[in-house]
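Asker: Structure file work.pdb (PDB, C-alpha atoms) is given on the next line.
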```pdb
ATOM      1  CA  MET A   1      -1.437  -5.107  13.870
ATOM      2  CA  PRO A   2      -5.059  -6.094  14.417
ATOM      3  CA  ALA A   3      -7.630  -3.506  13.326
ATOM      4  CA  TYR A   4      -9.950  -2.199  16.043
ATOM      5  CA  ASN A   5     -13.347  -0.578  15.616
ATOM      6  CA  ALA A   6     -13.428   3.172  16.231
ATOM      7  CA  CYS A   7     -14.393   4.594  19.614
ATOM      8  CA  THR A   8     -17.427   6.724  18.734
ATOM      9  CA  THR A   9     -19.155   7.026  22.109
ATOM     10  CA  PRO A  10     -16.519   7.328  24.849
ATOM     11  CA  ASP A  11     -17.519   5.868  28.216
ATOM     12  CA  SER A  12     -14.165   6.184  29.977
ATOM     13  CA  GLN A  13     -10.845   7.996  30.029
ATOM     14  CA  THR A  14      -7.234   6.924  30.145
ATOM     15  CA  ASN A  15      -5.283   7.754  33.293
ATOM     16  CA  SER A  16      -3.627  10.533  31.288
ATOM     17  CA  GLY A  17      -6.969  12.130  30.329
ATOM     18  CA  PHE A  18      -7.793  10.878  26.809
ATOM     19  CA  ASP A  19     -11.423   9.950  26.078
ATOM     20  CA  ALA A  20     -11.775   6.198  25.502
ATOM     21  CA  CYS A  21     -14.221   3.315  25.042
ATOM     22  CA  VAL A  22     -14.250   0.352  27.400
ATOM     23  CA  SER A  23     -17.662  -1.223  26.794
ATOM     24  CA  SER A  24     -17.457  -1.062  22.985
ATOM     25  CA  LEU A  25     -13.793  -2.117  22.613
ATOM     26  CA  SER A  26     -13.748  -4.644  19.782
ATOM     27  CA  LEU A  27     -11.655  -6.015  16.966
ATOM     28  CA  ALA A  28     -12.900  -5.180  13.473
ATOM     29  CA  ASP A  29     -12.445  -8.854  12.498
ATOM     30  CA  ASN A  30     -13.305 -11.589  14.999
ATOM     31  CA  VAL A  31     -12.297 -14.370  12.585
ATOM     32  CA  CYS A  32      -8.762 -13.644  11.380
ATOM     33  CA  LYS A  33      -6.227 -12.677  14.016
ATOM     34  CA  MET A  34      -2.477 -12.727  14.540
ATOM     35  CA  THR A  35      -0.742 -14.952  17.021
ATOM     36  CA  ASN A  36       1.322 -13.310  19.791
ATOM     37  CA  ARG A  37       4.329 -13.591  17.460
ATOM     38  CA  GLY A  38       2.501 -12.133  14.456
ATOM     39  CA  LYS A  39       3.981  -9.232  12.531
ATOM     40  CA  GLY A  40       3.720  -7.535   9.192
ATOM     41  CA  ARG A  41       5.328  -4.977   6.939
ATOM     42  CA  ILE A  42       4.540  -2.945   3.885
ATOM     43  CA  LYS A  43       7.347  -1.638   1.735
ATOM     44  CA  LEU A  44       6.906   1.006  -0.964
ATOM     45  CA  ARG A  45       9.838   1.750  -3.256
ATOM     46  CA  ALA A  46       9.738   4.398  -5.969
ATOM     47  CA  THR A  47      11.284   3.941  -9.395
ATOM     48  CA  HIS A  48      11.246   6.475 -12.269
ATOM     49  CA  THR A  49       7.907   5.256 -13.585
ATOM     50  CA  ASP A  50       6.284   3.167 -10.841
ATOM     51  CA  VAL A  51       6.157   2.226  -7.166
ATOM     52  CA  ASN A  52       6.977  -1.336  -6.117
ATOM     53  CA  VAL A  53       4.722  -2.621  -3.333
ATOM     54  CA  ILE A  54       5.569  -5.521  -1.029
ATOM     55  CA  GLY A  55       3.172  -6.453   1.735
ATOM     56  CA  GLU A  56       3.682  -9.386   4.070
ATOM     57  CA  ILE A  57       2.009 -10.638   7.225
ATOM     58  CA  ARG A  58       3.375 -13.582   9.242
ATOM     59  CA  GLY A  59       1.942 -15.301  12.273
ATOM     60  CA  ILE A  60      -1.714 -15.371  11.243
ATOM     61  CA  GLU A  61      -3.815 -17.815  13.283
ATOM     62  CA  ASP A  62      -4.714 -21.210  11.752
ATOM     63  CA  ILE A  63      -8.427 -20.366  11.590
ATOM     64  CA  CYS A  64      -7.587 -17.863   8.824
ATOM     65  CA  GLU A  65      -5.823 -20.459   6.645
ATOM     66  CA  SER A  66      -6.876 -20.217   2.960
ATOM     67  CA  GLN A  67      -8.689 -16.902   3.490
ATOM     68  CA  THR A  68      -8.006 -14.108   0.995
ATOM     69  CA  LEU A  69      -6.733 -10.736   2.203
ATOM     70  CA  ALA A  70      -6.657  -7.583   0.076
ATOM     71  CA  LEU A  71      -3.973  -4.953   0.654
ATOM     72  CA  MET A  72      -5.583  -1.519   0.726
ATOM     73  CA  LEU A  73      -3.751   1.805   0.452
ATOM     74  CA  SER A  74      -5.135   5.293   0.968
ATOM     75  CA  LEU A  75      -3.162   7.843  -1.022
ATOM     76  CA  ARG A  76      -3.086  11.562  -1.766
ATOM     77  CA  VAL A  77      -1.382  12.221  -5.084
ATOM     78  CA  THR A  78      -0.035  15.526  -6.405
ATOM     79  CA  THR A  79       1.364  15.592  -9.919
ATOM     80  CA  ASP A  80       2.668  18.111 -12.435
ATOM     81  CA  ASP A  81       0.627  16.475 -15.233
ATOM     82  CA  CYS A  82      -2.448  18.752 -15.207
ATOM     83  CA  GLY A  83      -3.734  21.248 -17.736
ATOM     84  CA  ALA A  84      -2.650  22.265 -21.213
ATOM     85  CA  PRO A  85       1.028  22.678 -22.079
ATOM     86  CA  PRO A  86       2.897  23.702 -20.159
ATOM     87  CA  PRO A  87       1.342  21.360 -17.582
ATOM     88  CA  SER A  88       0.784  22.611 -14.051
ATOM     89  CA  SER A  89       0.571  20.915 -10.671
ATOM     90  CA  CYS A  90      -2.639  19.579  -9.168
ATOM     91  CA  THR A  91      -3.754  17.268  -6.375
ATOM     92  CA  LEU A  92      -6.012  14.358  -7.274
ATOM     93  CA  VAL A  93      -9.061  13.353  -5.280
ATOM     94  CA  ASP A  94      -7.847  11.062  -2.467
ATOM     95  CA  LEU A  95      -7.697   7.372  -3.309
ATOM     96  CA  VAL A  96      -9.233   5.848  -0.167
ATOM     97  CA  ASP A  97      -8.795   2.146   0.603
ATOM     98  CA  TYR A  98      -7.695   1.391  -2.943
ATOM     99  CA  LYS A  99      -7.053  -2.332  -3.467
ATOM    100  CA  VAL A 100      -3.517  -2.850  -4.769
ATOM    101  CA  GLY A 101      -3.293  -6.636  -4.444
ATOM    102  CA  GLU A 102      -4.568  -9.833  -2.855
ATOM    103  CA  CYS A 103      -3.018 -12.873  -1.244
ATOM    104  CA  GLN A 104      -4.191 -16.135   0.243
ATOM    105  CA  VAL A 105      -3.139 -17.115   3.755
ATOM    106  CA  VAL A 106      -0.846 -20.157   3.526
ATOM    107  CA  ASN A 107       0.950 -21.548   6.594
ATOM    108  CA  GLY A 108       0.081 -18.397   8.541
ATOM    109  CA  THR A 109       1.617 -16.071   5.949
ATOM    110  CA  CYS A 110       0.153 -13.745   3.346
ATOM    111  CA  LYS A 111       2.466 -11.985   0.868
ATOM    112  CA  ILE A 112       1.756  -9.547  -1.952
ATOM    113  CA  VAL A 113       4.280  -8.312  -4.507
ATOM    114  CA  THR A 114       2.907  -5.818  -7.030
ATOM    115  CA  THR A 115       3.285  -2.289  -8.360
ATOM    116  CA  ILE A 116       1.073   0.786  -8.197
ATOM    117  CA  ASP A 117       0.932   0.965 -12.019
ATOM    118  CA  THR A 118      -0.436  -2.590 -12.130
ATOM    119  CA  ARG A 119      -3.492  -1.479 -10.128
ATOM    120  CA  ILE A 120      -3.685   2.224 -11.069
ATOM    121  CA  PRO A 121      -2.364   2.550 -14.641
ATOM    122  CA  ASN A 122      -0.965   5.934 -15.737
ATOM    123  CA  LEU A 123      -0.904   7.377 -12.215
ATOM    124  CA  ILE A 124       2.872   7.721 -12.430
ATOM    125  CA  LEU A 125       4.256   8.988 -15.734
ATOM    126  CA  GLU A 126       7.847   9.177 -16.904
ATOM    127  CA  ALA A 127       9.225  12.741 -16.953
ATOM    128  CA  ARG A 128       6.496  13.912 -14.550
ATOM    129  CA  LYS A 129       6.856  14.501 -10.829
ATOM    130  CA  THR A 130       4.389  12.606  -8.700
ATOM    131  CA  HIS A 131       4.156  13.135  -4.938
ATOM    132  CA  ILE A 132       2.386  10.315  -3.114
ATOM    133  CA  GLU A 133       1.310  10.735   0.505
ATOM    134  CA  LEU A 134       0.462   7.525   2.336
ATOM    135  CA  LEU A 135      -2.694   8.311   4.326
ATOM    136  CA  GLY A 136      -3.293   4.786   5.536
ATOM    137  CA  CYS A 137      -2.931   1.101   4.795
ATOM    138  CA  GLY A 138      -4.191  -2.252   5.904
ATOM    139  CA  TYR A 139      -5.649  -5.594   4.898
ATOM    140  CA  VAL A 140      -9.299  -6.479   4.379
ATOM    141  CA  ARG A 141     -10.448 -10.091   4.467
ATOM    142  CA  THR A 142     -12.503 -10.736   1.309
ATOM    143  CA  THR A 143     -13.538 -14.375   1.858
ATOM    144  CA  GLY A 144     -15.305 -16.286   4.607
ATOM    145  CA  THR A 145     -18.046 -15.224   6.993
ATOM    146  CA  ALA A 146     -18.692 -11.945   8.820
ATOM    147  CA  LEU A 147     -16.591  -9.898   6.416
ATOM    148  CA  PRO A 148     -15.160  -6.873   8.287
ATOM    149  CA  THR A 149     -14.233  -3.402   7.229
ATOM    150  CA  ARG A 150     -10.585  -4.087   8.004
ATOM    151  CA  THR A 151      -8.708  -7.100   9.396
ATOM    152  CA  PHE A 152      -5.196  -5.719   9.927
ATOM    153  CA  SER A 153      -4.046  -2.095   9.979
ATOM    154  CA  CYS A 154      -0.661  -0.518   9.547
ATOM    155  CA  GLY A 155       0.569   0.680  12.881
ATOM    156  CA  LEU A 156       2.974   0.127  15.720
ATOM    157  CA  LEU A 157       2.807  -1.877  18.910
ATOM    158  CA  VAL A 158       4.694   0.060  21.551
ATOM    159  CA  PRO A 159       5.886  -2.202  24.353
TER
END
```
Mind turning the file's structure into structure tokens?

Answerer:
Amino acid sequence: MPAYNACTTPDSQTNSGFDACVSSLSLADNVCKMTNRGKGRIKLRATHTDVNVIGEIRGIEDICESQTLALMLSLRVTTDDCGAPPPSSCTLVDLVDYKVGECQVVNGTCKIVTTIDTRIPNLILEARKTHIELLGCGYVRTTGTALPTRTFSCGLLVP
């Protein structure tokens, strides 16, 4: 889904009572957008020693053709690989907006196929338990003008 800038100074409320911004409502990226039929997915699949990552966005507007998008993941990792033998469990410092891959928009599509170990070597070790919490994900445009914080975010569009 498109990424929106945060509402930091509410100037309105929803009919159900939530604080909201009307005057400062804006997309984080005014260059790259999805068409009305645009959609995306991110799939994470654990193996014994790695996590396969597939990210795909379809239906990106023509103006974004040839732009490069980076898939960013925010993770909280807890592992049993800390301390002297016998190892104990610990939680790592959060990995925030960690780039796990890039793709170029071609024919309105951008697809990334990679693994966590490719981008973060030794995070997942064989014979060790690793718990990975997904705190957030999205795509950042890394080429072109007016580079935003985030172009697309993981989320849901509820009809």

Asker: Might you pull out every residue within 10 Å of Arg76 (chain A), with all atoms listed in the file counted and same-chain residues fewer than 6 positions away left off, and present them as a PyMOL selection string?

Answerer: chain A and resi 91-96+131-136

Asker: What is the CA of Phe152 (chain A) to CA of Ile120 (chain A) distance in Å?

Answerer: 22.5 Å

Asker: I'd like the neighbourhood of Ala127 (chain A) as number ranges by chain, where a residue qualifies if any of its atoms comes within 12 Å (using only C-alpha atoms), though same-chain residues fewer than 4 positions away should be ignored.

Answerer: A: 47-50, 79-81, 87

Asker: As an exercise, work out the distance from CA of Asp29 (chain A) to CA of Leu147 (chain A) in Å and give it to one decimal place.

Answerer: 7.4 Å

Asker: Find the residues near Asn5 (chain A): any atom within 6 Å, counting all atoms listed in the file, skip ones fewer than 5 places away on the same chain, and give them as a JSON list (two decimals) with C-alpha atoms, in the frame of the given file.

Answerer:
```json
[["chain", "number", "residue", "atom", "x", "y", "z"],
["A", 26, "SER", "CA", -13.75, -4.64, 19.78],
["A", 27, "LEU", "CA", -11.66, -6.02, 16.97],
["A", 28, "ALA", "CA", -12.90, -5.18, 13.47]]
```

Asker: Closest to Ser153 (chain A) among A:Met1, A:Cys82, A:Val100, A:Val53, using only C-alpha atoms?

Answerer: A:Met1

Asker: Taking only C-alpha atoms into account, which of A:Lys111, A:Arg119, A:Lys43, A:Arg128 comes nearest Thr68 (chain A)?

Answerer: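 Nearest to Thr68 (chain A): A:Lys111.
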
Asker: Once the PyMOL selection byres ((chain A and resi 150) around 10) is applied to the coordinates I shared, what remains selected? I want it as a PDB file with C-alpha atoms, in the coordinates of the input.

Answerer:
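After the write, result.pdb holds the following:
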```pdb
ATOM      1  CA  PRO A   2      -5.059  -6.094  14.417  1.00  0.00           C
ATOM      2  CA  ALA A   3      -7.630  -3.506  13.326  1.00  0.00           C
ATOM      3  CA  TYR A   4      -9.950  -2.199  16.043  1.00  0.00           C
ATOM      4  CA  ASN A   5     -13.347  -0.578  15.616  1.00  0.00           C
ATOM      5  CA  LEU A  27     -11.655  -6.015  16.966  1.00  0.00           C
ATOM      6  CA  ALA A  28     -12.900  -5.180  13.473  1.00  0.00           C
ATOM      7  CA  ASP A  29     -12.445  -8.854  12.498  1.00  0.00           C
ATOM      8  CA  LEU A  69      -6.733 -10.736   2.203  1.00  0.00           C
ATOM      9  CA  ALA A  70      -6.657  -7.583   0.076  1.00  0.00           C
ATOM     10  CA  LEU A  71      -3.973  -4.953   0.654  1.00  0.00           C
ATOM     11  CA  MET A  72      -5.583  -1.519   0.726  1.00  0.00           C
ATOM     12  CA  ASP A  97      -8.795   2.146   0.603  1.00  0.00           C
ATOM     13  CA  CYS A 137      -2.931   1.101   4.795  1.00  0.00           C
ATOM     14  CA  GLY A 138      -4.191  -2.252   5.904  1.00  0.00           C
ATOM     15  CA  TYR A 139      -5.649  -5.594   4.898  1.00  0.00           C
ATOM     16  CA  VAL A 140      -9.299  -6.479   4.379  1.00  0.00           C
ATOM     17  CA  ARG A 141     -10.448 -10.091   4.467  1.00  0.00           C
ATOM     18  CA  THR A 142     -12.503 -10.736   1.309  1.00  0.00           C
ATOM     19  CA  LEU A 147     -16.591  -9.898   6.416  1.00  0.00           C
ATOM     20  CA  PRO A 148     -15.160  -6.873   8.287  1.00  0.00           C
ATOM     21  CA  THR A 149     -14.233  -3.402   7.229  1.00  0.00           C
ATOM     22  CA  THR A 151      -8.708  -7.100   9.396  1.00  0.00           C
ATOM     23  CA  PHE A 152      -5.196  -5.719   9.927  1.00  0.00           C
ATOM     24  CA  SER A 153      -4.046  -2.095   9.979  1.00  0.00           C
TER      25      SER A 153
END
```

Asker: Counting all atoms listed in the file, which residues sit no farther than 12 Å from the position (-2.8, -11.2, 21.3) in the file's frame? I'd like them as an MDAnalysis selection string.

Answerer: chainID A and resid 1:2 27 32:39 59:61 157

Asker: Around region 13-21 of chain A, with edges along x, y and z and 4 Å added on all six sides, what centre and edge lengths do you get, in Å to one decimal, as lines of an AutoDock Vina configuration file?

Answerer:
```
center_x = -8.9
center_y = 7.7
center_z = 29.2
size_x = 18.6
size_y = 16.8
size_z = 16.3
```

Asker: Find the spatial neighbours of Leu44 (chain A), counting all atoms listed in the file, within a cut-off of 7 Å - ignore same-chain residues fewer than 3 positions away - and output them as a ChimeraX atom specification.

Answerer: /A:51-54

Asker: Could you tell me how far CA of Asn107 (chain A) sits from CA of Gln67 (chain A), in Å to one decimal place?

Answerer: 11.1 Å

Asker: At most 8 Å from (0.5, -10.7, 5.7), file frame, only C-alpha atoms: which residues, as number ranges by chain?

Answerer: A: 39-41, 55-58, 60, 105, 109-112

Asker: Here is a test: counting only C-alpha atoms, which residue of A:Val31, A:Val77, A:Arg45, A:Ser88 is nearest to Thr114 (chain A)?

Answerer: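 The closest residue to Thr114 (chain A) is A:Arg45.
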